[in-house]
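Reviewing the structure listed below.
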There are 2 protein chains.
Amino acid sequence: MMPTRSACITLDQADPLAAKRSAFLLPEGKFYLDGNSLGALPKNVPAHLVNVVQSEWGQDLITAWTKHGWIDLPSRIAGKIAPLLGVEPSALIVGDSVSVNLFKLVASVLAARPERRTLLCLADDFPTDVYILQGLVRLLPGITLKCVTQETLPQALGAEVGVLLLSHVHYKTAAVQDMPALCAQAQAHGIFSLWDLSHAAGVLDLDLEAAGVDGAVGCGYKYLNGGPGAPAYLYLAPCWQHILRSPIQGWMGHAQPFDFSTHYEPAPGMARWLAGTPPILSLAALDAALDCFAGLDMRLLRAKAQALGDLFLSLVEAHLPGEFAIASPAIGQPRGGHVSLRHPNGYALVQALIARGVVGDFRAPDLMRFGFSPLYVRYQDIWDSVAILADVVATQSYMLPEFQTRGKVT
Amino acid sequence: MMPTRSACITLDQADPLAAKRSAFLLPEGKFYLDGNSLGALPKNVPAHLVNVVQSEWGQDLITAWTKHGWIDLPSRIAGKIAPLLGVEPSALIVGDSVSVNLFKLVASVLAARPERRTLLCLADDFPTDVYILQGLVRLLPGITLKCVTQETLPQALGAEVGVLLLSHVHYKTAAVQDMPALCAQAQAHGIFSLWDLSHAAGVLDLDLEAAGVDGAVGCGYKYLNGGPGAPAYLYLAPCWQHILRSPIQGWMGHAQPFDFSTHYEPAPGMARWLAGTPPILSLAALDAALDCFAGLDMRLLRAKAQALGDLFLSLVEAHLPGEFAIASPAIGQPRGGHVSLRHPNGYALVQALIARGVVGDFRAPDLMRFGFSPLYVRYQDIWDSVAILADVVATQSYMLPEFQTRGKVT
C-alpha cells in the first residue's frame with residue numbers, strides 16, 4: 001500500500017514539528033537529504049555571527065572575552081546540548097573535534113587504570129574512531145587494539161579491556177546500538193564504555209545517564225546544525241570527573257588559566273577537558289544554531305525521523321522493487337536519521353540525483369545515504385525525492401559520463 | 001629629547017604602512033594596544049564570513065566542501081602564512097590550537113627517537129607550552145622535563161634531550177630569542193628545536209628555513225588578526241616531514257579520508273597533521289584576515305613595531321620618570337610587538353586606562369602590557385596613550401575602587 005503524495009502532505013500538516021522548518025534557510029528547488037553529514041543553516045545564525053564579529057570582536061576587542069562571555073562559551077553551549085543527551089550540563093563541555101576528544105578520553109582512561117591494556121571497538125566503525133585508537137596503540141607501550149564484529153563483541157569483553165568504543169548510530173547503516181544493554185555488559189567487566197554520538201544526537205531521544213554511559217563524544221555539525229566543522233562535545237559521567245584528566249594539558253583547562261602559574265592544575269569540573277583557546281566564531285554559530293532545540297521533546301524528533309525513513313523505504317520498495325539492496329534497518333526497526341541503499345552504480349546515481357536537486361551522499365564502495373533531519377525535512381520531500389530517484393533509474397540518466405567521475409564528497 | 005605630538009603625526013605621514021590602517025575596523029575613541037593578544041577586525045572579514053555562511057553553507061550545503069574548497073582551507077591558508085614565516089607553503093598546515101599542535105609535534109618527535117627522553121623548555125615560557133610538556137611527562141613513561149632559565153639553557157643541552165621548546169618572542173617581556181644561534185646549538189646536540197611563534201609571526205620578519213628551525217607552531221588570533229581563538233598553524237622542516245607522524249590520527253590526516261579505509265595511512269605531506277573536521281567558519285575568518293599581509297615586506301612591520309615600542313618607552317621615560325620598571329628590552333634593543341611595564345598597581349592602572357580608551361592588558365603579578373600592531377597603530381596613538389597614562393598616574397584615578405576588583409582578562 002503505497003502512500004500518495006497527498007497523503008504525505010496530510011502527514012506534514014499534522015506534523016507537530018512542521019513549524020520548525022521555517023527556522024532554516026533551505027535552498028530553493030532542492031531536497032536536502034544530507035543533514036546527517038552537514039546540517040542546514042538555521043536562519044538565526046548569520047545575524048548572530050555578524051553581531052559577534054562586528055560588535056563583540058570589532059568594537060569590544062579583547063574585553064569581549066569577559067564582557068560577552070566568550071570565556072564561558074564552551075560550558076554555555078554544553079548547557080544547550082545536555083538536554084539532547086539526557087545529561088547534566090555540568091557533565092558536558094564543548095571544544096576541539098571528535099577525533100581530539102576521543103584521543104583525550106581514551107588516553108586518560110588508560111592512564112587511570114594501567115592494568116587494563118586492551119581497547120575494543122567495532123572494525124567497521126567510523127574511521128576516525130578506529131584511527132584514533134590505532135594512534136594510541138602506536139603511542140603508548142603495551143596497548144592492544146581489538147577490532148571485532150557486532151557478533152563477536154560479547155566474547156571480547158574481559159578484565160583486560162580498558163575502553164569499549166562504540167558509535168550509537170552507525171554512520172553507514174544507521175543501525176542503533178542497544179546502549180543500556182551494552183553499557184551493562186561493559187560495566188559487568190569493569191570496562192569504560194565510550195560512545196560516539198555524532199550520528200545520534202539531535203535526532204534520537206538519548207538518556208546517557210539512565211543508560212549508564214561512562215563517556216561520550218559527538219560533533220556539532222550534523223543534526224545539531226552548528227555549521228561546517230563545528231566544535232565537538234565531550235561527556236563524562238560524574239563518577240569519572242574527578243578521576244580522569246586530559247593528557248593534552250592546554251592552558252584553558254587549567255583551574256586558574258589567568259594566573260599564568262608554571263604548574264598545571266586541572267580545572268575542577270569539565271573545563272579541564274579544554275585545551276587551547278577555543279575557536280569563538282565557530283562556537284558562536286553552534287551556540288545560535290542550538291536554539292532550534294530549546295524546549296523540544298526529543299521523542300518527537302526520533303519518531304519523525306523513524307517515520308520519514310520508513311516512508312522512504314516503503315516508497316523505494318513500491319517504485320523500485322529489487323533495484324537496491326537495503327543496507328539499513330528495515331521498516332519499523334529502530335534506526336538513526338538516515339537510510340542507506342546499496343547499488344553498483346551508487347556513486348553515479350548520487351551525482352545524478354544531486355543534479356536533479358536531491359542531495360544525498362555516497363560512501364564507498366556502493367552506499368547511497370539519505371538523511372532525514374526531522375527539523376526541516378517534510379514527508380512530501382521524501383515522496384518527491386523518491387519520484388526523482390525512480391525517474392533517474394528509469395531513464396538511466398545516471399549513466400551520463402558527467403556523473404561517473406569521482407570527486408571528494410564528505 | 002621628547003618627541004612632540006606633531007613630530008608623531010609627521011612620522012605617521014611618512015609611514016609606508018600608513019594605508020594599511022584603513023583595512024581595519026577600529027572603534028571610535030579607543031587606542032587599541034592589545035593586538036598582541038587579539039588582533040583587530042579586518043574590514044573584509046564580515047562580508048567574507050557572511051558569504052561563507054549564507055551562500056556556501058546555506059545554499060550549497062554539503063557540496064560546498066568541494067565546490068568552495070573547504071576541504072583545502074587548511075593548506076590554502078598555510079599558503080598565506082608561509083611568507084610571514086619564511087617557509088615553503090608545503091611545509092605548513094593550519095588547524096587545531098597551539099596547545100594541540102604542540103602536543104602532536106612533541107609526542108611525534110619522542111616516538112621517532114626513543115633514546116632521547118628529556119624535554120627542555122624555559123620555566124617562564126607561556127604556560128600552555130610548559131603545561132603541554134608536563135602532560136606528556138605524565139602520559140609517556142620515562143620522559144623527563146627540564147625547565148631551565150635562559151642562562152642555564154646552554155648547559156642543559158645534551159644527547160639525552162629530544163626537544164627544545166622555545167617561544168621566539170616572550171609573552172610577557174617581548175624579548176626576542178636569537179633563533180639561528182639557538183637552532184645551531186640544538187642541532188649540534190641533535191636536538192629537535194621547536195618554536196612557538198604566537199607573539200612573533202605577523203610582526204617580525206621571520207626566516208625559519210635560514211635559521212634552521214625543525215618545527216614551529218603559532219596562533220592565528222594575535223598579529224594575524226584571524227579572530228578570537230582562530231585556528232593555529234604547524235610547521236615542519238622538510239627533512240622531518242616523512243619521519244614524523246601525528247599521534248592524534250584523525251580522519252582528516254589520512255592519505256585518503258574519503259576511502260573510509262579501516263587502516264590509518266598518514267597523508268604524504270603536511271595534511272597528516274590534521275585531526276578532526278576543521279572549524280570552517282573560524283578558518284574562513286582567518287583566511288580573509290590574512291589578505292592584509294599580501295605582498296608585504298615583513299621588514300617594514302618589524303621596523304615599525306620596533307619604532308613604536310621605542311617611542312612608547314622614550315615617552316614613558318620623559319613623562320613618567322621612575323614611575324615604572326621596564327620589563328621589556330630597552331630602546332634600540334630587538335623586541336617583539338609589545339612593551340611591558342611593571343607597577344605595584346598595574347592591575348588598577350590597566351583598568352583605569354581601559355576606562356579612558358587605552359586598551360592594554362595585565363599579566364600577574366604586576367605587568368602592564370601594551371601591544372603595537374604595526375598594521376593599524378599610529379605613532380600619534382602612542383603619544384596620546386602615554387599622555388593619558390601620565391594623566392591617570394598624576395590624578396591617581398586608578399585608585400578608584402571600581403578599578404581594583406580583579407576580573408578575568410585574556
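Every chain in the C-alpha cells has a letter given in the order shown (A, B, ...), and although residue numbers restart at 1 in each chain, ligands are simply numbered from 1 in the order shown.
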Exercise. When the cut-off is 7 Å and we count only C-alpha atoms, which residues of chain A are near chain B, given as a ChimeraX atom specification?
Worked result: /A:25-27,38,40-41,46,50,53-54,57-59,61-62,65-66,97-100,103,111,127-128,131-132,135-136,139-140,228-231,247-251,258-262,264,275-282,364,408,410
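Take the candidates B:Thr4, B:Thr395, B:Asn36, B:Gln150 and check each one against Phe372 (chain B) using only C-alpha atoms; the shortest distance goes to B:Asn36.
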Exercise. What's the 10 Å shell around Leu400 (chain B), counting only C-alpha atoms, without same-chain residues fewer than 4 positions away, as a PyMOL selection string?
Worked result: chain B and resi 348+352+396+404
Output the selection as a CSV table (one decimal), in the first residue's frame - all heavy atoms for each residue.
```csv
chain,number,residue,atom,x,y,z
B,348,ALA,N,45.1,47.9,38.5
B,348,ALA,CA,44.2,49.0,38.5
B,348,ALA,C,44.5,50.0,37.5
B,348,ALA,O,43.6,50.6,36.8
B,348,ALA,CB,44.3,49.7,39.9
B,352,ALA,N,42.0,51.4,34.7
B,352,ALA,CA,41.7,52.9,34.6
B,352,ALA,C,42.0,53.4,33.1
B,352,ALA,O,41.3,54.2,32.6
B,352,ALA,CB,42.6,53.6,35.6
B,396,GLN,N,46.0,60.0,39.9
B,396,GLN,CA,45.7,58.8,40.8
B,396,GLN,C,44.3,58.3,40.6
B,396,GLN,O,43.7,57.7,41.5
B,396,GLN,CB,46.0,59.1,42.2
B,396,GLN,CG,47.4,59.5,42.5
B,396,GLN,CD,47.9,59.0,43.9
B,396,GLN,OE1,47.2,59.0,44.8
B,396,GLN,NE2,49.2,58.7,43.9
B,404,GLN,N,39.8,48.4,41.1
B,404,GLN,CA,40.6,47.5,42.0
B,404,GLN,C,40.2,46.0,41.9
B,404,GLN,O,41.0,45.1,42.1
B,404,GLN,CB,40.5,47.9,43.4
B,404,GLN,CG,40.9,49.4,43.6
B,404,GLN,CD,42.4,49.6,43.5
B,404,GLN,OE1,43.2,48.7,43.8
B,404,GLN,NE2,42.8,50.7,43.0
```
Taking the DSSP assignment computed from this structure's backbone, write out as a short mmCIF file (atom, residue, chain, number, x, y, z; two decimals) with N, CA, C and O atoms, in the first residue's frame all residues of region 112-313 of chain B that belong to helix (DSSP H, G or I).
```cif
data_model
loop_
_atom_site.label_atom_id
_atom_site.label_comp_id
_atom_site.auth_asym_id
_atom_site.auth_seq_id
_atom_site.Cartn_x
_atom_site.Cartn_y
_atom_site.Cartn_z
N ALA B 112 59.72 9.08 17.52
CA ALA B 112 60.67 8.80 16.45
C ALA B 112 62.09 8.55 16.97
O ALA B 112 62.90 7.92 16.31
N PRO B 127 52.47 29.64 29.69
CA PRO B 127 52.02 28.45 30.43
C PRO B 127 51.61 27.27 29.57
O PRO B 127 51.99 26.14 29.86
N THR B 128 50.85 27.49 28.49
CA THR B 128 50.37 26.32 27.76
C THR B 128 51.53 25.49 27.22
O THR B 128 51.45 24.26 27.15
N ASP B 129 52.62 26.13 26.86
CA ASP B 129 53.77 25.41 26.34
C ASP B 129 54.34 24.47 27.41
O ASP B 129 54.64 23.30 27.16
N VAL B 130 54.48 25.01 28.62
CA VAL B 130 55.02 24.21 29.73
C VAL B 130 54.01 23.13 30.14
O VAL B 130 54.38 21.97 30.35
N TYR B 131 52.74 23.50 30.21
CA TYR B 131 51.70 22.54 30.62
C TYR B 131 51.64 21.34 29.67
O TYR B 131 51.44 20.20 30.08
N ILE B 132 51.74 21.62 28.38
CA ILE B 132 51.66 20.53 27.40
C ILE B 132 52.81 19.54 27.62
O ILE B 132 52.62 18.32 27.59
N LEU B 133 54.00 20.07 27.88
CA LEU B 133 55.14 19.19 28.14
C LEU B 133 54.92 18.42 29.44
O LEU B 133 55.20 17.22 29.52
N GLN B 134 54.40 19.08 30.47
CA GLN B 134 54.09 18.39 31.74
C GLN B 134 53.09 17.27 31.50
O GLN B 134 53.18 16.20 32.11
N GLY B 135 52.13 17.50 30.62
CA GLY B 135 51.14 16.47 30.32
C GLY B 135 51.76 15.27 29.62
O GLY B 135 51.38 14.13 29.88
N LEU B 136 52.71 15.53 28.73
CA LEU B 136 53.38 14.43 28.04
C LEU B 136 54.24 13.61 29.01
O LEU B 136 54.35 12.39 28.88
N VAL B 137 54.82 14.28 30.00
CA VAL B 137 55.60 13.57 31.02
C VAL B 137 54.69 12.63 31.81
O VAL B 137 55.05 11.50 32.12
N ARG B 138 53.48 13.09 32.11
CA ARG B 138 52.51 12.23 32.82
C ARG B 138 52.07 11.06 31.95
O ARG B 138 51.81 9.97 32.44
N LEU B 139 51.94 11.31 30.63
CA LEU B 139 51.35 10.31 29.74
C LEU B 139 52.34 9.23 29.33
O LEU B 139 51.98 8.04 29.25
N LEU B 153 70.33 27.47 30.11
CA LEU B 153 69.92 26.68 28.94
C LEU B 153 71.10 25.98 28.24
O LEU B 153 71.04 24.78 27.97
N PRO B 154 72.20 26.70 27.94
CA PRO B 154 73.28 26.05 27.20
C PRO B 154 73.81 24.78 27.86
O PRO B 154 74.05 23.78 27.18
N GLN B 155 73.96 24.80 29.20
CA GLN B 155 74.48 23.62 29.88
C GLN B 155 73.48 22.46 29.84
O GLN B 155 73.85 21.31 30.04
N ALA B 156 72.19 22.77 29.65
CA ALA B 156 71.17 21.72 29.70
C ALA B 156 71.07 20.94 28.38
O ALA B 156 70.43 19.90 28.32
N MET B 179 67.23 33.14 17.31
CA MET B 179 66.77 31.88 16.74
C MET B 179 67.86 31.10 16.00
O MET B 179 68.05 29.91 16.26
N PRO B 180 68.63 31.74 15.10
CA PRO B 180 69.67 30.95 14.40
C PRO B 180 70.70 30.36 15.37
O PRO B 180 71.09 29.20 15.23
N ALA B 181 71.11 31.15 16.36
CA ALA B 181 72.13 30.66 17.30
C ALA B 181 71.60 29.48 18.11
O ALA B 181 72.29 28.47 18.29
N LEU B 182 70.36 29.61 18.59
CA LEU B 182 69.81 28.54 19.42
C LEU B 182 69.52 27.28 18.60
O LEU B 182 69.70 26.16 19.08
N CYS B 183 69.08 27.47 17.35
CA CYS B 183 68.88 26.30 16.48
C CYS B 183 70.20 25.59 16.25
O CYS B 183 70.27 24.35 16.27
N ALA B 184 71.25 26.37 16.04
CA ALA B 184 72.57 25.77 15.79
C ALA B 184 73.06 25.01 17.02
O ALA B 184 73.58 23.89 16.90
N GLN B 185 72.87 25.60 18.20
CA GLN B 185 73.26 24.91 19.43
C GLN B 185 72.49 23.62 19.61
O GLN B 185 73.05 22.58 19.97
N ALA B 186 71.17 23.70 19.36
CA ALA B 186 70.35 22.49 19.49
C ALA B 186 70.80 21.44 18.49
O ALA B 186 70.99 20.26 18.83
N GLN B 187 71.00 21.87 17.26
CA GLN B 187 71.38 20.95 16.20
C GLN B 187 72.73 20.26 16.50
O GLN B 187 72.90 19.07 16.21
N ALA B 188 73.62 21.00 17.12
CA ALA B 188 74.93 20.43 17.46
C ALA B 188 74.78 19.23 18.40
O ALA B 188 75.62 18.33 18.42
N LEU B 208 62.43 31.02 9.08
CA LEU B 208 62.62 29.76 9.80
C LEU B 208 63.58 28.84 9.07
O LEU B 208 64.38 28.13 9.69
N GLU B 209 63.49 28.86 7.74
CA GLU B 209 64.37 27.97 6.97
C GLU B 209 65.83 28.34 7.15
O GLU B 209 66.67 27.47 7.44
N ALA B 210 66.12 29.62 7.00
CA ALA B 210 67.51 30.07 7.15
C ALA B 210 68.00 29.83 8.57
O ALA B 210 69.18 29.53 8.78
N ALA B 211 67.11 29.96 9.55
CA ALA B 211 67.52 29.80 10.94
C ALA B 211 67.75 28.34 11.31
O ALA B 211 68.36 28.04 12.32
N PRO B 238 61.39 20.31 6.00
CA PRO B 238 61.22 19.21 5.04
C PRO B 238 61.87 17.90 5.49
O PRO B 238 61.30 16.83 5.28
N CYS B 239 63.04 17.98 6.11
CA CYS B 239 63.75 16.74 6.48
C CYS B 239 62.97 15.90 7.49
O CYS B 239 63.23 14.70 7.63
N TRP B 240 62.03 16.50 8.20
CA TRP B 240 61.25 15.77 9.21
C TRP B 240 59.91 15.28 8.68
O TRP B 240 59.23 14.47 9.32
N GLN B 241 59.49 15.80 7.54
CA GLN B 241 58.10 15.58 7.13
C GLN B 241 57.76 14.12 6.86
O GLN B 241 56.61 13.71 7.04
N TRP B 251 40.73 11.40 11.03
CA TRP B 251 40.48 11.01 9.63
C TRP B 251 40.93 12.04 8.62
O TRP B 251 41.24 11.70 7.48
N MET B 252 40.97 13.34 9.00
CA MET B 252 41.37 14.35 8.02
C MET B 252 42.86 14.31 7.73
O MET B 252 43.32 14.94 6.78
N GLY B 253 43.62 13.58 8.54
CA GLY B 253 45.04 13.41 8.28
C GLY B 253 45.36 12.15 7.49
O GLY B 253 46.52 11.86 7.21
N PRO B 257 41.05 10.19 3.05
CA PRO B 257 40.00 10.17 4.09
C PRO B 257 38.66 9.66 3.57
O PRO B 257 37.90 9.07 4.33
N PHE B 258 38.40 9.88 2.29
CA PHE B 258 37.06 9.53 1.80
C PHE B 258 36.99 8.12 1.23
O PHE B 258 35.98 7.72 0.67
N ASP B 259 38.07 7.37 1.40
CA ASP B 259 38.00 5.94 1.12
C ASP B 259 37.44 5.18 2.32
O ASP B 259 37.05 4.02 2.19
N MET B 270 51.95 17.67 4.68
CA MET B 270 51.61 18.22 5.99
C MET B 270 50.17 17.94 6.40
O MET B 270 49.80 18.13 7.55
N ALA B 271 49.34 17.49 5.46
CA ALA B 271 47.94 17.19 5.79
C ALA B 271 47.84 16.10 6.85
O ALA B 271 46.82 15.99 7.53
N ARG B 272 48.89 15.31 7.05
CA ARG B 272 48.85 14.27 8.09
C ARG B 272 48.72 14.86 9.49
O ARG B 272 48.43 14.13 10.42
N TRP B 273 48.98 16.16 9.63
CA TRP B 273 48.88 16.78 10.95
C TRP B 273 47.48 17.27 11.27
O TRP B 273 47.20 17.74 12.36
N ILE B 280 35.38 25.30 9.93
CA ILE B 280 35.45 26.08 8.69
C ILE B 280 35.16 27.56 8.90
O ILE B 280 35.81 28.42 8.29
N LEU B 281 34.20 27.89 9.76
CA LEU B 281 33.86 29.31 9.90
C LEU B 281 35.01 30.09 10.53
O LEU B 281 35.34 31.20 10.06
N SER B 282 35.65 29.53 11.53
CA SER B 282 36.82 30.20 12.11
C SER B 282 37.97 30.25 11.12
O SER B 282 38.71 31.23 11.05
N LEU B 283 38.11 29.18 10.32
CA LEU B 283 39.15 29.20 9.28
C LEU B 283 38.86 30.27 8.23
O LEU B 283 39.77 30.95 7.75
N ALA B 284 37.60 30.43 7.87
CA ALA B 284 37.23 31.40 6.84
C ALA B 284 37.58 32.82 7.27
O ALA B 284 38.05 33.63 6.47
N ALA B 285 37.36 33.14 8.55
CA ALA B 285 37.72 34.47 9.05
C ALA B 285 39.22 34.68 8.96
O ALA B 285 39.70 35.73 8.51
N LEU B 286 39.98 33.68 9.36
CA LEU B 286 41.45 33.77 9.30
C LEU B 286 41.91 33.92 7.85
O LEU B 286 42.81 34.72 7.55
N ASP B 287 41.28 33.18 6.97
CA ASP B 287 41.60 33.22 5.54
C ASP B 287 41.49 34.66 5.00
O ASP B 287 42.42 35.18 4.37
N ALA B 288 40.37 35.30 5.28
CA ALA B 288 40.16 36.66 4.80
C ALA B 288 41.11 37.64 5.49
O ALA B 288 41.68 38.54 4.87
N ALA B 289 41.29 37.45 6.80
CA ALA B 289 42.12 38.39 7.58
C ALA B 289 43.54 38.45 7.03
O ALA B 289 44.17 39.52 7.04
N LEU B 290 44.05 37.33 6.55
CA LEU B 290 45.44 37.27 6.11
C LEU B 290 45.69 38.06 4.82
O LEU B 290 46.84 38.31 4.47
N ASP B 291 44.62 38.45 4.13
CA ASP B 291 44.80 39.23 2.91
C ASP B 291 45.54 40.55 3.18
O ASP B 291 46.18 41.09 2.28
N CYS B 292 45.44 41.06 4.41
CA CYS B 292 46.17 42.28 4.78
C CYS B 292 47.67 42.16 4.54
O CYS B 292 48.35 43.16 4.35
N PHE B 293 48.17 40.93 4.62
CA PHE B 293 49.62 40.74 4.54
C PHE B 293 50.12 40.50 3.11
O PHE B 293 51.32 40.41 2.89
N MET B 298 57.92 42.08 5.24
CA MET B 298 57.81 41.93 6.69
C MET B 298 58.84 42.77 7.44
O MET B 298 58.66 43.07 8.63
N ARG B 299 59.92 43.17 6.74
CA ARG B 299 60.90 44.03 7.42
C ARG B 299 60.31 45.38 7.78
O ARG B 299 60.68 46.00 8.78
N LEU B 300 59.31 45.83 6.98
CA LEU B 300 58.63 47.09 7.31
C LEU B 300 57.85 46.95 8.62
O LEU B 300 57.80 47.87 9.43
N LEU B 301 57.21 45.80 8.79
CA LEU B 301 56.44 45.56 10.01
C LEU B 301 57.35 45.54 11.22
O LEU B 301 57.08 46.16 12.25
N ARG B 302 58.44 44.80 11.09
CA ARG B 302 59.37 44.71 12.22
C ARG B 302 59.90 46.09 12.58
O ARG B 302 59.93 46.47 13.76
N ALA B 303 60.30 46.85 11.57
CA ALA B 303 60.90 48.16 11.83
C ALA B 303 59.89 49.09 12.50
O ALA B 303 60.21 49.81 13.45
N LYS B 304 58.64 49.05 12.03
CA LYS B 304 57.65 49.95 12.63
C LYS B 304 57.31 49.52 14.06
O LYS B 304 57.17 50.36 14.95
N ALA B 305 57.15 48.22 14.27
CA ALA B 305 56.84 47.75 15.63
C ALA B 305 57.95 48.16 16.59
O ALA B 305 57.69 48.61 17.72
N GLN B 306 59.19 48.02 16.13
CA GLN B 306 60.33 48.43 16.96
C GLN B 306 60.27 49.93 17.24
O GLN B 306 60.45 50.37 18.38
N ALA B 307 59.97 50.70 16.20
CA ALA B 307 59.94 52.16 16.35
C ALA B 307 58.81 52.59 17.29
O ALA B 307 58.98 53.50 18.11
N LEU B 308 57.65 51.93 17.17
CA LEU B 308 56.52 52.27 18.04
C LEU B 308 56.87 51.96 19.50
O LEU B 308 56.59 52.76 20.41
N GLY B 309 57.48 50.81 19.71
CA GLY B 309 57.87 50.43 21.08
C GLY B 309 58.92 51.37 21.63
O GLY B 309 58.86 51.79 22.80
N ASP B 310 59.89 51.73 20.79
CA ASP B 310 60.93 52.68 21.23
C ASP B 310 60.31 54.03 21.59
O ASP B 310 60.67 54.64 22.59
N LEU B 311 59.39 54.47 20.75
CA LEU B 311 58.71 55.75 21.02
C LEU B 311 57.95 55.69 22.34
O LEU B 311 58.04 56.61 23.16
N PHE B 312 57.23 54.58 22.55
CA PHE B 312 56.48 54.42 23.80
C PHE B 312 57.42 54.52 25.00
O PHE B 312 57.16 55.25 25.96
N LEU B 313 58.53 53.80 24.93
CA LEU B 313 59.47 53.80 26.07
C LEU B 313 60.08 55.17 26.29
O LEU B 313 60.23 55.61 27.44
#
```
For this session: Would you mind listing what lies within 7 Å of Ser193 (chain A) as a list in words, with only C-alpha atoms counted and same-chain residues fewer than 4 positions away left out?
Result: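 These residues fall inside the cut-off: Val163, Leu164, Leu165, Cys183, Ala186, Val213, Asp214 and Gly215 of chain A.
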Among region 357-410 of chain B, which residues carry a DSSP assignment of strand (DSSP E or B), reported as a compact mmCIF listing (two decimals) with N, CA, C and O atoms, in the first residue's frame?
```
# COMPACT_ATOMS: atom_id res chain seq x y z
N VAL B 358 42.32 53.58 26.48
CA VAL B 358 43.63 53.00 26.14
C VAL B 358 43.61 51.53 26.55
O VAL B 358 43.67 51.20 27.73
N VAL B 359 43.50 50.64 25.56
CA VAL B 359 43.28 49.22 25.86
C VAL B 359 44.60 48.46 25.77
O VAL B 359 45.12 48.17 24.70
N ASP B 361 46.70 45.23 28.37
CA ASP B 361 46.24 44.18 29.28
C ASP B 361 47.21 43.99 30.43
O ASP B 361 48.28 44.59 30.48
N PHE B 362 46.78 43.18 31.39
CA PHE B 362 47.53 42.99 32.62
C PHE B 362 47.94 41.53 32.73
O PHE B 362 47.15 40.63 32.39
N ARG B 363 49.14 41.29 33.16
CA ARG B 363 49.60 39.93 33.41
C ARG B 363 50.19 39.88 34.81
O ARG B 363 51.08 40.67 35.14
N LEU B 367 52.45 43.16 35.71
CA LEU B 367 52.84 43.59 34.37
C LEU B 367 51.71 44.28 33.62
O LEU B 367 50.61 43.73 33.49
N MET B 368 51.99 45.45 33.07
CA MET B 368 51.08 46.15 32.17
C MET B 368 51.64 45.96 30.76
O MET B 368 52.75 46.43 30.47
N ARG B 369 50.88 45.30 29.90
CA ARG B 369 51.35 45.05 28.52
C ARG B 369 50.67 45.99 27.54
O ARG B 369 49.46 46.18 27.58
N PHE B 370 51.46 46.52 26.61
CA PHE B 370 50.92 47.36 25.55
C PHE B 370 51.47 46.85 24.22
O PHE B 370 52.69 46.78 24.05
N GLY B 371 50.56 46.50 23.32
CA GLY B 371 50.98 45.94 22.04
C GLY B 371 50.80 46.93 20.91
O GLY B 371 49.82 47.67 20.87
```
Problem set entry | Distance query Arg116 (chain B) at most 6 Å, only C-alpha atoms, self and fewer than 6 positions along chain excluded, as a PyMOL selection string | chain B and resi 160-162
Exercise. What does the distance from CA of Ser167 (chain B) to CA of Tyr223 (chain B) come to in Å, to one decimal?
Worked result: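 Between these atoms lies a distance of 15.1 Å.
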